[in-house]
Amino acid sequence: MALRNIRTLGDEILRKKSRAVEKVDDKVLLLLKDMAETLHSSPNGAGLAAPQVGILKRVVVIDMGQGVINLINPEIVETQGSHEVIEGCLSIPGKFGKLLRPEKVKVRALNERGEEFLLSAEGDLAKCLCHEVDHLDGILFIDKVTEYVEP
Ligand code: NI
């Protein structure tokens with residue numbers, strides 16, 4: 001395992017669309033492990049998407065303090081409601097802003113064994129899922145911010 005460098009705003013890779021993973025092979029498993037390690041070494045990090053470490057694959061790791069969730073090819077298949085949240089991003093250090101996100105989401109993805117699963121989430125986990133899936137399409141939270149706030 002190894003820490004990977006987190007790309008920051010201005011790096012054009014953050015604006016590119018990631019490709020779907022066709023096979024959950026050793027390379028993808030290593031990427032997941034490295035991303036989890038990189039996330040855990042970042043204070044206040046709740047999620048990380050592969051383009052943030054320079055890999056244009058649809059791979060996300062999330063850890064909101066209850067263990068790592070690995071998501072391969074995640075898709076938001078259902079949303080409910082809308083509310084204002086405050087977000088930041090490991091790729092945009094020191095910036096936080098208000099934006100609208102769904103209150104609840106359902107996400108379909110593959111796990112590290114290549115098995116499909118459905119995740120229903122609300123609150124901070126729903127917010128994080130939306131934020132990370134946006135990264136896979138080159139979308140950053142600053143694109144949606146209505147107002148910046150002090151950290
Ligand atoms: Ni982010």
# chains A, B, ... in the order shown; residues from 1 in each chain; ligands from 1
$ residues_near_ligand --ligand "ligand 1" --cutoff "12 Å" --atoms "only C-alpha atoms and all ligand atoms" --output "number ranges by chain"
A: 6-9, 14-15, 39, 44-53, 60-62, 87-93, 95-96, 127-143
$ write_last_selection --atoms "C-alpha atoms" --output "PDB file, in the first residue's frame"
ATOM      1  CA  ILE A   6      -4.025  14.341  -3.852  1.00  0.00           C
ATOM      2  CA  ARG A   7      -4.483  16.573  -6.892  1.00  0.00           C
ATOM      3  CA  THR A   8      -5.704  20.067  -6.178  1.00  0.00           C
ATOM      4  CA  LEU A   9      -7.729  22.714  -7.964  1.00  0.00           C
ATOM      5  CA  LEU A  14     -10.100  16.942 -11.789  1.00  0.00           C
ATOM      6  CA  ARG A  15     -12.235  18.214 -14.682  1.00  0.00           C
ATOM      7  CA  LEU A  39      -8.115   9.260   2.873  1.00  0.00           C
ATOM      8  CA  ASN A  44     -11.293  15.703   8.021  1.00  0.00           C
ATOM      9  CA  GLY A  45     -11.482  13.650   4.838  1.00  0.00           C
ATOM     10  CA  ALA A  46     -14.728  11.706   4.478  1.00  0.00           C
ATOM     11  CA  GLY A  47     -14.414  10.535   0.904  1.00  0.00           C
ATOM     12  CA  LEU A  48     -12.046  10.338  -2.016  1.00  0.00           C
ATOM     13  CA  ALA A  49     -12.639   9.739  -5.712  1.00  0.00           C
ATOM     14  CA  ALA A  50     -10.009   8.203  -8.006  1.00  0.00           C
ATOM     15  CA  PRO A  51      -9.507  11.315 -10.200  1.00  0.00           C
ATOM     16  CA  GLN A  52      -8.355  13.117  -7.042  1.00  0.00           C
ATOM     17  CA  VAL A  53      -5.334  10.801  -7.025  1.00  0.00           C
ATOM     18  CA  VAL A  60     -14.701   5.975  -4.750  1.00  0.00           C
ATOM     19  CA  VAL A  61     -13.888   5.315  -1.101  1.00  0.00           C
ATOM     20  CA  ILE A  62     -15.885   6.786   1.756  1.00  0.00           C
ATOM     21  CA  GLU A  87     -19.134  21.041   1.904  1.00  0.00           C
ATOM     22  CA  GLY A  88     -15.418  21.107   1.486  1.00  0.00           C
ATOM     23  CA  CYS A  89     -13.085  18.981  -0.627  1.00  0.00           C
ATOM     24  CA  LEU A  90      -9.596  17.539  -0.104  1.00  0.00           C
ATOM     25  CA  SER A  91      -8.720  18.891  -3.564  1.00  0.00           C
ATOM     26  CA  ILE A  92      -9.779  22.422  -2.611  1.00  0.00           C
ATOM     27  CA  PRO A  93      -8.154  22.954   0.774  1.00  0.00           C
ATOM     28  CA  LYS A  95     -12.689  26.374   1.008  1.00  0.00           C
ATOM     29  CA  PHE A  96     -16.155  25.600   2.295  1.00  0.00           C
ATOM     30  CA  LYS A 127     -24.026  14.391   0.757  1.00  0.00           C
ATOM     31  CA  CYS A 128     -20.693  12.624   0.545  1.00  0.00           C
ATOM     32  CA  LEU A 129     -21.957  10.117  -2.040  1.00  0.00           C
ATOM     33  CA  CYS A 130     -23.229  12.935  -4.271  1.00  0.00           C
ATOM     34  CA  HIS A 131     -19.967  14.872  -3.901  1.00  0.00           C
ATOM     35  CA  GLU A 132     -17.805  11.857  -4.807  1.00  0.00           C
ATOM     36  CA  VAL A 133     -19.959  10.753  -7.750  1.00  0.00           C
ATOM     37  CA  ASP A 134     -19.727  14.339  -9.068  1.00  0.00           C
ATOM     38  CA  HIS A 135     -15.916  14.008  -9.018  1.00  0.00           C
ATOM     39  CA  LEU A 136     -16.209  11.080 -11.446  1.00  0.00           C
ATOM     40  CA  ASP A 137     -17.841  13.442 -13.937  1.00  0.00           C
ATOM     41  CA  GLY A 138     -15.343  16.257 -13.419  1.00  0.00           C
ATOM     42  CA  ILE A 139     -17.772  18.258 -11.278  1.00  0.00           C
ATOM     43  CA  LEU A 140     -16.511  20.030  -8.156  1.00  0.00           C
ATOM     44  CA  PHE A 141     -18.591  21.365  -5.271  1.00  0.00           C
ATOM     45  CA  ILE A 142     -17.488  24.917  -6.095  1.00  0.00           C
ATOM     46  CA  ASP A 143     -19.519  24.588  -9.330  1.00  0.00           C
TER      47      ASP A 143
END
$ select_by_dssp --residues "region 20-59 of chain A" --states "alpha helix (DSSP H)" --output "PyMOL selection string"
chain A and resi 26-40
$ select_by_dssp --residues "region 28-151 of chain A" --states "strand (DSSP E or B)" --output "ChimeraX atom specification"
/A:47-49,57,59-62,69-80,83-89,92-101,104-110,116-122,147-149
$ closest_residue --among "A:Val59, A:Ile86, A:Asn5, A:Thr79" --to "Ala121 (chain A)" --atoms "only C-alpha atoms"
A:Thr79
$ residues_around --residues "region 71-77 of chain A" --least-positions-apart "2" --cutoff "6 Å" --atoms "only C-alpha atoms" --output "list in words"
Ala20, Arg58, Val59, Val60, Lys106, Val107, Arg108, Ala109, Leu110 and Asn111 of chain A
$ write_last_selection --atoms "N, CA, C and O atoms" --output "compact mmCIF listing (two decimals), in the first residue's frame"
# COMPACT_ATOMS: atom_id res chain seq x y z
N ALA A 20 -15.68 3.83 -16.64
CA ALA A 20 -16.19 2.72 -15.83
C ALA A 20 -15.12 1.64 -15.70
O ALA A 20 -14.32 1.42 -16.62
N ARG A 58 -13.88 5.05 -12.38
CA ARG A 58 -15.04 5.32 -11.53
C ARG A 58 -14.94 4.50 -10.24
O ARG A 58 -15.56 3.48 -10.05
N VAL A 59 -14.10 5.00 -9.35
CA VAL A 59 -13.80 4.34 -8.07
C VAL A 59 -13.84 5.40 -6.97
O VAL A 59 -13.28 6.48 -7.12
N VAL A 60 -14.53 5.05 -5.87
CA VAL A 60 -14.70 5.98 -4.75
C VAL A 60 -14.51 5.22 -3.44
O VAL A 60 -14.93 4.07 -3.32
N LYS A 106 -30.24 6.84 -3.25
CA LYS A 106 -29.96 5.42 -3.37
C LYS A 106 -28.87 5.29 -4.41
O LYS A 106 -28.97 5.86 -5.51
N VAL A 107 -27.83 4.56 -4.07
CA VAL A 107 -26.69 4.39 -4.97
C VAL A 107 -26.50 2.91 -5.26
O VAL A 107 -26.58 2.07 -4.36
N ARG A 108 -26.28 2.62 -6.53
CA ARG A 108 -25.95 1.25 -6.93
C ARG A 108 -24.47 1.23 -7.32
O ARG A 108 -23.99 2.11 -8.02
N ALA A 109 -23.75 0.23 -6.85
CA ALA A 109 -22.32 0.15 -7.14
C ALA A 109 -21.87 -1.31 -7.04
O ALA A 109 -22.64 -2.19 -6.65
N LEU A 110 -20.61 -1.52 -7.38
CA LEU A 110 -19.98 -2.82 -7.15
C LEU A 110 -19.07 -2.68 -5.94
O LEU A 110 -18.46 -1.62 -5.73
N ASN A 111 -18.97 -3.75 -5.16
CA ASN A 111 -18.01 -3.73 -4.05
C ASN A 111 -16.67 -4.30 -4.52
O ASN A 111 -16.49 -4.59 -5.71
$ atom_distance --atom1 "CA of Arg4 (chain A)" --atom2 "CA of Thr38 (chain A)"
6.1 Å
$ closest_residue --among "A:Val28, A:Ala126, A:Val105, A:Leu99" --to "Tyr148 (chain A)" --atoms "only C-alpha atoms"
A:Leu99
$ decode --residues "region 125-140 of chain A" --atoms "all heavy atoms" --output "PDB file, in the first residue's frame"
ATOM      1  N   LEU A 125     -23.882  11.114   4.833  1.00  0.00           N
ATOM      2  CA  LEU A 125     -23.458  10.076   3.899  1.00  0.00           C
ATOM      3  C   LEU A 125     -24.033  10.334   2.499  1.00  0.00           C
ATOM      4  O   LEU A 125     -23.332  10.177   1.492  1.00  0.00           O
ATOM      5  CB  LEU A 125     -23.863   8.683   4.414  1.00  0.00           C
ATOM      6  CG  LEU A 125     -23.457   7.503   3.535  1.00  0.00           C
ATOM      7  CD1 LEU A 125     -21.962   7.470   3.260  1.00  0.00           C
ATOM      8  CD2 LEU A 125     -23.897   6.178   4.181  1.00  0.00           C
ATOM      9  N   ALA A 126     -25.284  10.777   2.441  1.00  0.00           N
ATOM     10  CA  ALA A 126     -25.899  11.103   1.142  1.00  0.00           C
ATOM     11  C   ALA A 126     -25.132  12.242   0.469  1.00  0.00           C
ATOM     12  O   ALA A 126     -24.833  12.196  -0.732  1.00  0.00           O
ATOM     13  CB  ALA A 126     -27.367  11.485   1.337  1.00  0.00           C
ATOM     14  N   LYS A 127     -24.786  13.237   1.265  1.00  0.00           N
ATOM     15  CA  LYS A 127     -24.026  14.391   0.757  1.00  0.00           C
ATOM     16  C   LYS A 127     -22.688  13.942   0.187  1.00  0.00           C
ATOM     17  O   LYS A 127     -22.295  14.329  -0.919  1.00  0.00           O
ATOM     18  CB  LYS A 127     -23.818  15.366   1.932  1.00  0.00           C
ATOM     19  CG  LYS A 127     -22.885  16.504   1.667  1.00  0.00           C
ATOM     20  CD  LYS A 127     -22.773  17.417   2.873  1.00  0.00           C
ATOM     21  CE  LYS A 127     -21.578  17.076   3.729  1.00  0.00           C
ATOM     22  NZ  LYS A 127     -21.305  18.129   4.745  1.00  0.00           N
ATOM     23  N   CYS A 128     -22.016  13.106   0.950  1.00  0.00           N
ATOM     24  CA  CYS A 128     -20.693  12.624   0.545  1.00  0.00           C
ATOM     25  C   CYS A 128     -20.787  11.785  -0.743  1.00  0.00           C
ATOM     26  O   CYS A 128     -19.961  11.942  -1.651  1.00  0.00           O
ATOM     27  CB  CYS A 128     -20.103  11.808   1.689  1.00  0.00           C
ATOM     28  SG  CYS A 128     -18.371  11.419   1.470  1.00  0.00           S
ATOM     29  N   LEU A 129     -21.783  10.947  -0.835  1.00  0.00           N
ATOM     30  CA  LEU A 129     -21.957  10.117  -2.040  1.00  0.00           C
ATOM     31  C   LEU A 129     -22.149  11.011  -3.271  1.00  0.00           C
ATOM     32  O   LEU A 129     -21.531  10.791  -4.318  1.00  0.00           O
ATOM     33  CB  LEU A 129     -23.157   9.180  -1.866  1.00  0.00           C
ATOM     34  CG  LEU A 129     -22.918   7.967  -0.946  1.00  0.00           C
ATOM     35  CD1 LEU A 129     -24.252   7.384  -0.477  1.00  0.00           C
ATOM     36  CD2 LEU A 129     -22.089   6.895  -1.646  1.00  0.00           C
ATOM     37  N   CYS A 130     -22.982  12.026  -3.141  1.00  0.00           N
ATOM     38  CA  CYS A 130     -23.229  12.935  -4.271  1.00  0.00           C
ATOM     39  C   CYS A 130     -21.946  13.660  -4.671  1.00  0.00           C
ATOM     40  O   CYS A 130     -21.633  13.791  -5.860  1.00  0.00           O
ATOM     41  CB  CYS A 130     -24.297  13.963  -3.900  1.00  0.00           C
ATOM     42  SG  CYS A 130     -25.930  13.253  -3.670  1.00  0.00           S
ATOM     43  N   HIS A 131     -21.213  14.132  -3.661  1.00  0.00           N
ATOM     44  CA  HIS A 131     -19.967  14.872  -3.901  1.00  0.00           C
ATOM     45  C   HIS A 131     -18.950  13.998  -4.644  1.00  0.00           C
ATOM     46  O   HIS A 131     -18.325  14.439  -5.613  1.00  0.00           O
ATOM     47  CB  HIS A 131     -19.419  15.322  -2.536  1.00  0.00           C
ATOM     48  CG  HIS A 131     -18.120  16.051  -2.582  1.00  0.00           C
ATOM     49  ND1 HIS A 131     -17.995  17.387  -2.243  1.00  0.00           N
ATOM     50  CD2 HIS A 131     -16.863  15.634  -2.909  1.00  0.00           C
ATOM     51  CE1 HIS A 131     -16.719  17.752  -2.379  1.00  0.00           C
ATOM     52  NE2 HIS A 131     -16.014  16.706  -2.771  1.00  0.00           N
ATOM     53  N   GLU A 132     -18.814  12.738  -4.194  1.00  0.00           N
ATOM     54  CA  GLU A 132     -17.805  11.857  -4.807  1.00  0.00           C
ATOM     55  C   GLU A 132     -18.220  11.425  -6.213  1.00  0.00           C
ATOM     56  O   GLU A 132     -17.374  11.342  -7.115  1.00  0.00           O
ATOM     57  CB  GLU A 132     -17.534  10.637  -3.915  1.00  0.00           C
ATOM     58  CG  GLU A 132     -17.038  10.957  -2.505  1.00  0.00           C
ATOM     59  CD  GLU A 132     -15.871  11.919  -2.450  1.00  0.00           C
ATOM     60  OE1 GLU A 132     -15.080  11.973  -3.391  1.00  0.00           O
ATOM     61  OE2 GLU A 132     -15.777  12.647  -1.434  1.00  0.00           O
ATOM     62  N   VAL A 133     -19.499  11.143  -6.403  1.00  0.00           N
ATOM     63  CA  VAL A 133     -19.959  10.753  -7.750  1.00  0.00           C
ATOM     64  C   VAL A 133     -19.773  11.933  -8.709  1.00  0.00           C
ATOM     65  O   VAL A 133     -19.378  11.745  -9.864  1.00  0.00           O
ATOM     66  CB  VAL A 133     -21.419  10.240  -7.722  1.00  0.00           C
ATOM     67  CG1 VAL A 133     -21.967  10.056  -9.132  1.00  0.00           C
ATOM     68  CG2 VAL A 133     -21.488   8.899  -6.956  1.00  0.00           C
ATOM     69  N   ASP A 134     -19.987  13.152  -8.240  1.00  0.00           N
ATOM     70  CA  ASP A 134     -19.727  14.339  -9.068  1.00  0.00           C
ATOM     71  C   ASP A 134     -18.262  14.364  -9.544  1.00  0.00           C
ATOM     72  O   ASP A 134     -17.990  14.694 -10.698  1.00  0.00           O
ATOM     73  CB  ASP A 134     -20.006  15.625  -8.282  1.00  0.00           C
ATOM     74  CG  ASP A 134     -21.453  16.084  -8.390  1.00  0.00           C
ATOM     75  OD1 ASP A 134     -22.230  15.468  -9.152  1.00  0.00           O
ATOM     76  OD2 ASP A 134     -21.807  17.067  -7.703  1.00  0.00           O
ATOM     77  N   HIS A 135     -17.337  14.022  -8.643  1.00  0.00           N
ATOM     78  CA  HIS A 135     -15.916  14.008  -9.018  1.00  0.00           C
ATOM     79  C   HIS A 135     -15.673  13.123 -10.246  1.00  0.00           C
ATOM     80  O   HIS A 135     -14.810  13.410 -11.071  1.00  0.00           O
ATOM     81  CB  HIS A 135     -15.050  13.459  -7.869  1.00  0.00           C
ATOM     82  CG  HIS A 135     -14.564  14.485  -6.902  1.00  0.00           C
ATOM     83  ND1 HIS A 135     -13.763  15.542  -7.271  1.00  0.00           N
ATOM     84  CD2 HIS A 135     -14.739  14.613  -5.561  1.00  0.00           C
ATOM     85  CE1 HIS A 135     -13.472  16.271  -6.196  1.00  0.00           C
ATOM     86  NE2 HIS A 135     -14.064  15.739  -5.142  1.00  0.00           N
ATOM     87  N   LEU A 136     -16.427  12.029 -10.339  1.00  0.00           N
ATOM     88  CA  LEU A 136     -16.209  11.080 -11.446  1.00  0.00           C
ATOM     89  C   LEU A 136     -16.633  11.678 -12.785  1.00  0.00           C
ATOM     90  O   LEU A 136     -16.269  11.169 -13.842  1.00  0.00           O
ATOM     91  CB  LEU A 136     -16.973   9.776 -11.176  1.00  0.00           C
ATOM     92  CG  LEU A 136     -16.632   9.070  -9.855  1.00  0.00           C
ATOM     93  CD1 LEU A 136     -17.461   7.807  -9.702  1.00  0.00           C
ATOM     94  CD2 LEU A 136     -15.141   8.750  -9.773  1.00  0.00           C
ATOM     95  N   ASP A 137     -17.417  12.762 -12.712  1.00  0.00           N
ATOM     96  CA  ASP A 137     -17.841  13.442 -13.937  1.00  0.00           C
ATOM     97  C   ASP A 137     -17.146  14.798 -14.085  1.00  0.00           C
ATOM     98  O   ASP A 137     -17.593  15.655 -14.867  1.00  0.00           O
ATOM     99  CB  ASP A 137     -19.367  13.605 -13.933  1.00  0.00           C
ATOM    100  CG  ASP A 137     -20.064  12.255 -14.051  1.00  0.00           C
ATOM    101  OD1 ASP A 137     -19.611  11.416 -14.864  1.00  0.00           O
ATOM    102  OD2 ASP A 137     -21.041  12.022 -13.326  1.00  0.00           O
ATOM    103  N   GLY A 138     -16.102  15.005 -13.301  1.00  0.00           N
ATOM    104  CA  GLY A 138     -15.343  16.257 -13.419  1.00  0.00           C
ATOM    105  C   GLY A 138     -16.040  17.453 -12.793  1.00  0.00           C
ATOM    106  O   GLY A 138     -15.691  18.605 -13.083  1.00  0.00           O
ATOM    107  N   ILE A 139     -17.018  17.169 -11.927  1.00  0.00           N
ATOM    108  CA  ILE A 139     -17.772  18.258 -11.278  1.00  0.00           C
ATOM    109  C   ILE A 139     -17.250  18.451  -9.855  1.00  0.00           C
ATOM    110  O   ILE A 139     -17.063  17.480  -9.125  1.00  0.00           O
ATOM    111  CB  ILE A 139     -19.279  17.914 -11.249  1.00  0.00           C
ATOM    112  CG1 ILE A 139     -19.812  17.774 -12.676  1.00  0.00           C
ATOM    113  CG2 ILE A 139     -20.066  18.971 -10.480  1.00  0.00           C
ATOM    114  CD1 ILE A 139     -21.169  17.094 -12.756  1.00  0.00           C
ATOM    115  N   LEU A 140     -17.000  19.706  -9.504  1.00  0.00           N
ATOM    116  CA  LEU A 140     -16.511  20.030  -8.156  1.00  0.00           C
ATOM    117  C   LEU A 140     -17.586  20.793  -7.387  1.00  0.00           C
ATOM    118  O   LEU A 140     -18.438  21.444  -7.995  1.00  0.00           O
ATOM    119  CB  LEU A 140     -15.238  20.880  -8.261  1.00  0.00           C
ATOM    120  CG  LEU A 140     -14.087  20.228  -9.044  1.00  0.00           C
ATOM    121  CD1 LEU A 140     -12.932  21.217  -9.221  1.00  0.00           C
ATOM    122  CD2 LEU A 140     -13.603  18.959  -8.346  1.00  0.00           C
TER     123      LEU A 140
END
